$ cat data08.tsv   # TSV, C-alpha atoms
chain	number	residue	atom	x	y	z
P	1	MET	CA	0.00	0.00	0.00
P	2	VAL	CA	1.35	3.44	-0.95
P	3	ILE	CA	1.34	5.61	2.15
P	4	ASP	CA	0.98	8.93	0.34
P	5	ARG	CA	-2.71	8.28	-0.37
P	6	GLN	CA	-3.38	9.01	3.30
P	7	ALA	CA	-4.65	12.57	3.51
P	8	ARG	CA	-3.35	15.45	5.58
P	9	ASP	CA	-4.84	18.69	6.93
P	10	LEU	CA	-8.52	17.93	6.50
P	11	PRO	CA	-11.30	18.59	9.00
P	12	LEU	CA	-12.96	15.19	9.29
P	13	ASP	CA	-12.80	11.46	8.66
P	14	ALA	CA	-16.35	10.36	9.45
P	15	HIS	CA	-16.10	6.56	9.08
P	16	LEU	CA	-13.58	4.45	11.04
P	17	HIS	CA	-13.59	0.94	12.53
P	18	THR	CA	-11.60	-0.20	15.55
P	19	ASP	CA	-11.02	-3.55	17.20
P	20	LEU	CA	-14.57	-3.31	18.53
P	21	SER	CA	-15.69	-4.28	15.02
P	22	PRO	CA	-15.28	-7.96	14.08
P	23	ASP	CA	-13.37	-7.13	10.90
P	24	SER	CA	-10.86	-4.66	12.35
P	25	ASP	CA	-7.80	-4.99	14.56
P	26	VAL	CA	-7.08	-1.30	15.17
P	27	PRO	CA	-6.94	0.14	18.71
P	28	ILE	CA	-8.52	3.56	18.84
P	29	ASN	CA	-5.24	5.22	19.83
P	30	ALA	CA	-3.69	4.15	16.52
P	31	TYR	CA	-6.17	6.32	14.65
P	32	ALA	CA	-5.82	9.16	17.12
P	33	GLU	CA	-2.04	9.20	16.76
P	34	GLN	CA	-2.29	9.39	12.99
P	35	ALA	CA	-5.00	12.04	13.11
P	36	VAL	CA	-2.79	14.32	15.21
P	37	GLU	CA	0.25	13.63	13.03
P	38	ARG	CA	-1.64	14.23	9.79
P	39	GLY	CA	-3.71	17.21	10.88
P	40	ILE	CA	-7.10	15.50	10.65
P	41	ALA	CA	-9.01	17.61	13.16
P	42	GLU	CA	-11.96	15.32	13.91
P	43	ILE	CA	-12.72	11.62	13.59
P	44	ALA	CA	-15.83	9.52	14.06
P	45	ILE	CA	-15.49	5.96	15.36
P	46	THR	CA	-18.30	4.06	13.65
P	47	ASP	CA	-17.94	0.44	14.69
P	48	HIS	CA	-20.28	-2.13	13.19
P	49	VAL	CA	-23.57	-3.15	14.79
P	50	ASP	CA	-25.68	-5.93	13.25
P	51	PHE	CA	-29.15	-7.03	14.32
P	52	GLU	CA	-29.46	-10.31	12.49
P	53	PRO	CA	-28.47	-13.19	14.78
P	54	GLY	CA	-25.34	-14.83	13.43
P	55	ALA	CA	-24.18	-11.76	11.49
P	56	PRO	CA	-20.56	-10.79	12.21
P	57	ALA	CA	-21.30	-7.78	14.44
P	58	TYR	CA	-24.34	-9.22	16.20
P	59	ARG	CA	-23.67	-8.61	19.90
P	60	TYR	CA	-19.96	-8.37	19.11
P	61	ALA	CA	-19.35	-5.45	21.45
P	62	SER	CA	-21.83	-3.85	23.82
P	63	PHE	CA	-23.02	-0.28	23.53
P	64	THR	CA	-21.55	0.40	26.97
P	65	ASP	CA	-18.09	-0.85	26.00
P	66	ARG	CA	-18.10	0.97	22.69
P	67	GLU	CA	-19.21	4.26	24.19
P	68	ARG	CA	-16.78	4.08	27.12
P	69	THR	CA	-13.85	3.32	24.82
P	70	VAL	CA	-14.58	6.28	22.55
P	71	ARG	CA	-15.46	8.77	25.29
P	72	GLU	CA	-12.33	7.95	27.27
P	73	ALA	CA	-10.20	8.31	24.15
P	74	ALA	CA	-11.86	11.65	23.40
P	75	GLU	CA	-10.80	12.89	26.82
P	76	ARG	CA	-7.25	11.59	26.42
P	77	TRP	CA	-6.70	13.25	23.07
P	78	ALA	CA	-8.61	16.52	23.50
P	79	ASP	CA	-5.55	18.41	24.69
P	80	ARG	CA	-3.78	17.39	21.48
P	81	GLY	CA	-6.43	19.24	19.50
P	82	LEU	CA	-8.25	16.14	18.28
P	83	ALA	CA	-12.02	15.69	18.52
P	84	ILE	CA	-13.22	12.06	18.64
P	85	ARG	CA	-16.92	11.36	18.15
P	86	PHE	CA	-18.90	8.28	19.12
P	87	GLY	CA	-20.63	6.97	16.00
P	88	VAL	CA	-21.98	3.70	14.68
P	89	GLU	CA	-22.40	1.93	11.37
P	90	ILE	CA	-25.58	-0.10	11.53
P	91	THR	CA	-26.23	-2.78	8.94
P	92	TRP	CA	-29.60	-2.03	7.38
P	93	ASP	CA	-32.00	-4.90	6.88
P	94	ALA	CA	-35.71	-4.16	6.64
P	95	ALA	CA	-36.46	-7.37	8.56
P	96	TRP	CA	-34.83	-5.80	11.61
P	97	GLU	CA	-36.13	-2.24	11.22
P	98	ALA	CA	-38.10	-2.32	14.47
P	99	ASP	CA	-35.03	-3.47	16.40
P	100	ILE	CA	-32.84	-0.83	14.77
P	101	ARG	CA	-35.39	1.87	15.48
P	102	ASP	CA	-35.68	0.78	19.12
P	103	HIS	CA	-31.90	0.68	19.54
P	104	LEU	CA	-31.49	4.20	18.21
P	105	ARG	CA	-34.33	5.43	20.40
P	106	ARG	CA	-32.67	4.04	23.52
P	107	HIS	CA	-29.01	4.75	22.73
P	108	ALA	CA	-27.45	8.10	21.95
P	109	TYR	CA	-24.76	8.37	19.30
P	110	ASP	CA	-23.00	11.45	18.00
P	111	PHE	CA	-23.33	10.28	14.38
P	112	THR	CA	-25.05	7.34	12.69
P	113	ILE	CA	-24.41	5.62	9.37
P	114	GLY	CA	-26.80	3.06	7.90
P	115	SER	CA	-25.25	0.71	5.35
P	116	VAL	CA	-26.12	-2.42	3.42
P	117	HIS	CA	-23.47	-5.13	3.68
P	118	VAL	CA	-22.62	-8.34	1.86
P	119	TYR	CA	-22.70	-11.55	3.88
P	120	ALA	CA	-22.43	-15.24	3.00
P	121	THR	CA	-26.03	-15.66	1.87
P	122	SER	CA	-25.99	-12.57	-0.37
P	123	PRO	CA	-26.07	-12.95	-4.14
P	124	TYR	CA	-23.00	-10.70	-4.07
P	125	ALA	CA	-20.90	-13.09	-1.99
P	126	ALA	CA	-17.95	-14.29	-4.08
P	127	VAL	CA	-19.22	-17.85	-4.41
P	128	ASN	CA	-22.63	-16.64	-5.60
P	129	VAL	CA	-21.71	-13.83	-7.99
P	130	PRO	CA	-21.07	-15.85	-11.19
P	131	GLY	CA	-24.46	-17.52	-11.01
P	132	TRP	CA	-26.20	-14.31	-9.98
P	133	VAL	CA	-24.97	-12.19	-12.90
P	134	ALA	CA	-25.48	-14.87	-15.58
P	135	GLY	CA	-28.30	-13.89	-17.91
P	136	ARG	CA	-29.34	-10.83	-15.92
P	137	SER	CA	-29.37	-7.18	-16.93
P	138	LEU	CA	-27.46	-4.69	-14.81
P	139	ALA	CA	-30.73	-3.40	-13.37
P	140	GLU	CA	-31.65	-6.92	-12.28
P	141	ILE	CA	-28.18	-7.57	-10.91
P	142	VAL	CA	-28.10	-4.52	-8.65
P	143	ALA	CA	-31.78	-4.57	-7.67
P	144	PRO	CA	-31.55	-6.39	-4.30
P	145	TYR	CA	-28.76	-4.15	-3.07
P	146	PHE	CA	-30.15	-0.91	-4.46
P	147	ASP	CA	-33.63	-1.77	-3.11
P	148	ALA	CA	-32.17	-2.15	0.36
P	149	VAL	CA	-30.12	1.06	0.12
P	150	GLU	CA	-33.22	2.98	-0.94
P	151	ALA	CA	-35.15	1.54	2.01
P	152	ALA	CA	-32.36	2.52	4.39
P	153	ALA	CA	-32.55	6.09	3.11
P	154	ARG	CA	-36.33	6.21	3.33
P	155	SER	CA	-36.30	4.89	6.90
P	156	GLY	CA	-35.06	8.29	8.09
P	157	LEU	CA	-33.16	6.57	10.88
P	158	PHE	CA	-29.64	7.59	9.97
P	159	ASP	CA	-27.59	10.73	9.59
P	160	ALA	CA	-25.99	9.27	6.45
P	161	VAL	CA	-26.30	6.20	4.26
P	162	GLY	CA	-22.94	4.57	3.65
P	163	HIS	CA	-21.24	3.29	0.48
P	164	VAL	CA	-24.41	3.26	-1.66
P	165	ASP	CA	-22.86	1.19	-4.47
P	166	PHE	CA	-20.50	-0.96	-2.42
P	167	ILE	CA	-21.37	-3.96	-4.61
P	168	LYS	CA	-19.01	-2.58	-7.29
P	169	ARG	CA	-16.35	-4.26	-5.18
P	170	TYR	CA	-17.96	-7.68	-5.33
P	171	LEU	CA	-19.20	-7.71	-8.90
P	172	MET	CA	-15.75	-7.30	-10.46
P	173	PRO	CA	-14.78	-8.51	-13.03
P	174	HIS	CA	-18.26	-9.59	-14.19
P	175	VAL	CA	-19.62	-6.04	-13.88
P	176	THR	CA	-17.17	-3.14	-13.93
P	177	PRO	CA	-17.33	0.41	-12.58
P	178	ALA	CA	-17.60	1.52	-16.21
P	179	ASP	CA	-20.83	-0.49	-16.50
P	180	PHE	CA	-22.21	1.36	-13.46
P	181	ALA	CA	-21.09	4.70	-14.87
P	182	ALA	CA	-22.95	3.97	-18.11
P	183	ALA	CA	-26.23	3.50	-16.21
P	184	PRO	CA	-26.55	6.48	-13.83
P	185	GLU	CA	-30.33	6.20	-13.97
P	186	LEU	CA	-30.12	3.17	-11.70
P	187	TYR	CA	-29.06	5.46	-8.85
P	188	GLU	CA	-31.91	7.90	-9.27
P	189	ARG	CA	-34.32	6.33	-6.80
P	190	ILE	CA	-31.64	6.11	-4.11
P	191	LEU	CA	-30.69	9.74	-4.57
P	192	VAL	CA	-34.32	10.86	-4.51
P	193	ALA	CA	-34.88	8.86	-1.32
P	194	LEU	CA	-31.90	10.58	0.31
P	195	VAL	CA	-33.17	14.01	-0.74
P	196	GLU	CA	-36.74	13.36	0.38
P	197	SER	CA	-35.71	11.93	3.75
P	198	GLY	CA	-33.06	14.56	4.43
P	199	THR	CA	-30.39	11.88	4.82
P	200	ALA	CA	-26.80	12.67	3.89
P	201	LEU	CA	-24.97	10.85	1.11
P	202	GLU	CA	-21.66	9.36	2.18
P	203	ILE	CA	-18.70	9.57	-0.16
P	204	ASN	CA	-16.85	6.47	0.96
P	205	THR	CA	-13.22	6.39	-0.15
P	206	SER	CA	-12.54	2.72	0.62
P	207	GLY	CA	-13.22	1.88	-3.02
P	208	LEU	CA	-10.00	3.65	-3.93
P	209	ARG	CA	-8.03	0.89	-2.21
P	210	GLN	CA	-10.26	-1.93	-3.49
P	211	SER	CA	-10.95	-3.43	-6.88
P	212	ALA	CA	-13.43	-0.72	-7.86
P	213	ASN	CA	-10.64	1.88	-7.77
P	214	GLU	CA	-13.12	4.71	-7.25
P	215	THR	CA	-15.22	6.15	-4.46
P	216	TYR	CA	-18.62	4.78	-3.43
P	217	PRO	CA	-20.32	6.47	-5.24
P	218	GLY	CA	-18.30	8.09	-8.01
P	219	THR	CA	-18.11	11.81	-8.63
P	220	PRO	CA	-20.89	11.96	-11.29
P	221	ILE	CA	-23.37	10.39	-8.86
P	222	VAL	CA	-22.45	12.90	-6.17
P	223	ALA	CA	-23.05	15.66	-8.71
P	224	ARG	CA	-26.43	14.22	-9.67
P	225	TYR	CA	-27.43	14.04	-6.01
P	226	ARG	CA	-26.67	17.74	-5.73
P	227	GLU	CA	-28.70	18.48	-8.86
P	228	LEU	CA	-31.69	16.68	-7.36
P	229	GLY	CA	-31.57	18.91	-4.30
P	230	GLY	CA	-29.25	16.92	-2.03
P	231	ARG	CA	-28.02	19.12	0.77
P	232	GLY	CA	-26.02	16.78	2.99
P	233	VAL	CA	-22.80	14.98	2.14
P	234	THR	CA	-20.18	13.35	4.33
P	235	VAL	CA	-16.80	11.76	3.63
P	236	GLY	CA	-15.15	8.77	5.31
P	237	SER	CA	-12.23	6.45	4.66
P	238	ASP	CA	-14.05	3.43	6.15
P	239	ALA	CA	-10.69	2.28	7.48
P	240	HIS	CA	-10.46	-1.16	9.07
P	241	ARG	CA	-6.66	-1.17	9.23
P	242	ALA	CA	-4.33	1.49	10.61
P	243	GLU	CA	-2.66	2.10	7.25
P	244	ALA	CA	-6.04	2.87	5.68
P	245	PHE	CA	-6.74	5.84	7.95
P	246	ALA	CA	-7.72	8.92	5.90
P	247	TRP	CA	-6.96	6.95	2.72
P	248	GLY	CA	-8.19	8.83	-0.32
P	249	LEU	CA	-9.99	11.52	1.67
P	250	ASP	CA	-8.62	14.16	-0.69
P	251	ASP	CA	-10.53	12.48	-3.51
P	252	GLY	CA	-13.70	12.34	-1.45
P	253	TYR	CA	-13.47	16.01	-0.54
P	254	GLY	CA	-12.74	16.77	-4.19
P	255	ALA	CA	-15.88	14.94	-5.29
P	256	ALA	CA	-17.95	16.93	-2.81
P	257	ALA	CA	-16.43	20.24	-3.90
P	258	ALA	CA	-16.82	19.42	-7.60
P	259	ALA	CA	-20.53	18.85	-7.02
P	260	GLY	CA	-20.85	22.28	-5.42
P	261	PHE	CA	-20.69	21.40	-1.73
P	262	ASP	CA	-18.62	23.68	0.48
P	263	VAL	CA	-19.46	21.95	3.77
P	264	LEU	CA	-19.87	18.43	5.07
P	265	THR	CA	-22.95	17.51	7.06
P	266	PHE	CA	-22.08	15.97	10.41
P	267	ARG	CA	-23.56	15.55	13.87
P	268	ARG	CA	-21.91	15.80	17.24
P	269	GLY	CA	-24.72	14.35	19.30
P	270	GLU	CA	-27.30	17.08	18.91
P	271	ALA	CA	-28.41	19.08	15.89
P	272	PRO	CA	-26.57	18.55	12.58
P	273	VAL	CA	-23.66	20.87	11.92
P	274	ALA	CA	-21.94	22.02	8.76
P	275	VAL	CA	-18.19	21.35	8.75
P	276	SER	CA	-16.27	23.51	6.31
P	277	ILE	CA	-14.42	21.64	3.59
P	278	ALA	CA	-11.66	24.23	3.99
P	279	THR	CA	-8.37	22.94	5.43
P	280	GLY	CA	-6.14	24.35	8.11
P	281	PRO	CA	-6.08	24.65	11.91
P	282	ASN	CA	-9.59	26.08	12.13
P	283	ALA	CA	-11.16	23.46	9.86
P	284	ILE	CA	-13.01	21.75	12.69
P	285	ALA	CA	-15.28	24.74	13.19
P	286	GLY	CA	-18.86	24.00	12.30
P	287	ARG	CA	-22.08	25.93	12.23
P	288	SER	CA	-25.55	24.62	12.95
P	289	LEU	CA	-27.69	23.66	10.00

$ encode --input "data08.tsv" --output "structure tokens"
Amino acid sequence: MVIDRQARDLPLDAHLHTDLSPDSDVPINAYAEQAVERGIAEIAITDHVDFEPGAPAYRYASFTDRERTVREAAERWADRGLAIRFGVEITWDAAWEADIRDHLRRHAYDFTIGSVHVYATSPYAAVNVPGWVAGRSLAEIVAPYFDAVEAAARSGLFDAVGHVDFIKRYLMPHVTPADFAAAPELYERILVALVESGTALEINTSGLRQSANETYPGTPIVARYRELGGRGVTVGSDAHRAEAFAWGLDDGYGAAAAAGFDVLTFRRGEAPVAVSIATGPNAIAGRSL
């Protein structure tokens, strides 16, 4: 991995996983150290929470343990000029909507991401992909995932919906990012759902270090979201390893700016705030939306 893709002097990385996620081995201090070194003013720890029994993050770490770990780290690092927020990435599944809704009613987070993930029974799992794509149009191929992402947006439960076309990673080489780019209309219903529900679109930069080799979603989709009236956008590296911290954030910020956004939408536990895309020592400053 080429280290120079890790960004410097940006206000926020809003999507990070620690060793309290089942697929990460990173202690929270490892991110904090890099954030201070690289001038990333604010980070959100968004460890996975699943509600389907047997899913990887189902009861993996308790709310109490996750909150205590993040709040204690926030206190430790505050005098170094770093803000650490307690977030969560919840796997969206309509079958568990009532449980998700109840959890969010009873537990306070600074920032919430709702995402659709790919598990062993998914048509997008590696063993299933060849059979799934055979004889199907692109619209049919993406339908289960895009249906779920739209439902996550329409639920209104989350501050942002994460990696809206994450399946680009799993469909390679049968379906390429160029195939997605040639069919932007497939995204329309997701983008409309985000606009109508007031949910932010995440620009997830993990795709830049995966087979897709582009953000989730790509810059043209971010621009279309803006055209449709989208007002909230956030950017996160979705790091699960220390060396992935802030990876490609410059590209994510660039996609937001190219679409006409000058702020990121974030939340620090109360009302949403606008975090300036501008860099520098005062970049953390935010105003209420």

$ closest_residue --input "data08.tsv" --among "P:Arg169, P:Arg105, P:Arg231, P:His174" --to "P:Asn213" --atoms "all atoms listed in the file"
P:Arg169

$ atom_distance --input "data08.tsv" --atom1 "atom CA of P:Arg5" --atom2 "atom CA of P:Gly252"
11.8 Å

$ residues_around --input "data08.tsv" --residues "P:Gly198" --least-positions-apart "2" --cutoff "9 Å" --atoms "all atoms listed in the file" --output "list in words"
Ala153, Gly156, Asp159, Ala193, Leu194, Val195, Glu196, Ala200, Gly230, Arg231 and Gly232 of chain P

$ residues_around --input "data08.tsv" --residues "P:Glu227" --least-positions-apart "3" --cutoff "10 Å" --atoms "all atoms listed in the file" --output "short mmCIF file (atom, residue, chain, number, x, y, z; two decimals) with C-alpha atoms, in the frame of the given file"
data_model
loop_
_atom_site.label_atom_id
_atom_site.label_comp_id
_atom_site.auth_asym_id
_atom_site.auth_seq_id
_atom_site.Cartn_x
_atom_site.Cartn_y
_atom_site.Cartn_z
CA LEU P 191 -30.69 9.74 -4.57
CA ILE P 221 -23.37 10.39 -8.86
CA VAL P 222 -22.45 12.90 -6.17
CA ALA P 223 -23.05 15.66 -8.71
CA ARG P 224 -26.43 14.22 -9.67
CA GLY P 230 -29.25 16.92 -2.03
CA ARG P 231 -28.02 19.12 0.77
CA ALA P 259 -20.53 18.85 -7.02
CA GLY P 260 -20.85 22.28 -5.42
#

$ atom_distance --input "data08.tsv" --atom1 "atom CA of P:Ala35" --atom2 "atom CA of P:Asp79"
13.2 Å

$ residues_around --input "data08.tsv" --residues "P:Ser21" --least-positions-apart "6" --cutoff "8 Å" --atoms "all atoms listed in the file" --output "PyMOL selection string"
chain P and resi 47-49+57+60-61

$ atom_distance --input "data08.tsv" --atom1 "atom CA of P:Ala242" --atom2 "atom CA of P:Leu201"
24.6 Å

$ closest_residue --input "data08.tsv" --among "P:Val233, P:Ala160, P:Leu138, P:Ala32" --to "P:Val263" --atoms "all atoms listed in the file"
P:Val233

$ closest_residue --input "data08.tsv" --among "P:Asp50, P:Ile45, P:Leu104, P:Pro56" --to "P:Pro22" --atoms "all atoms listed in the file"
P:Pro56
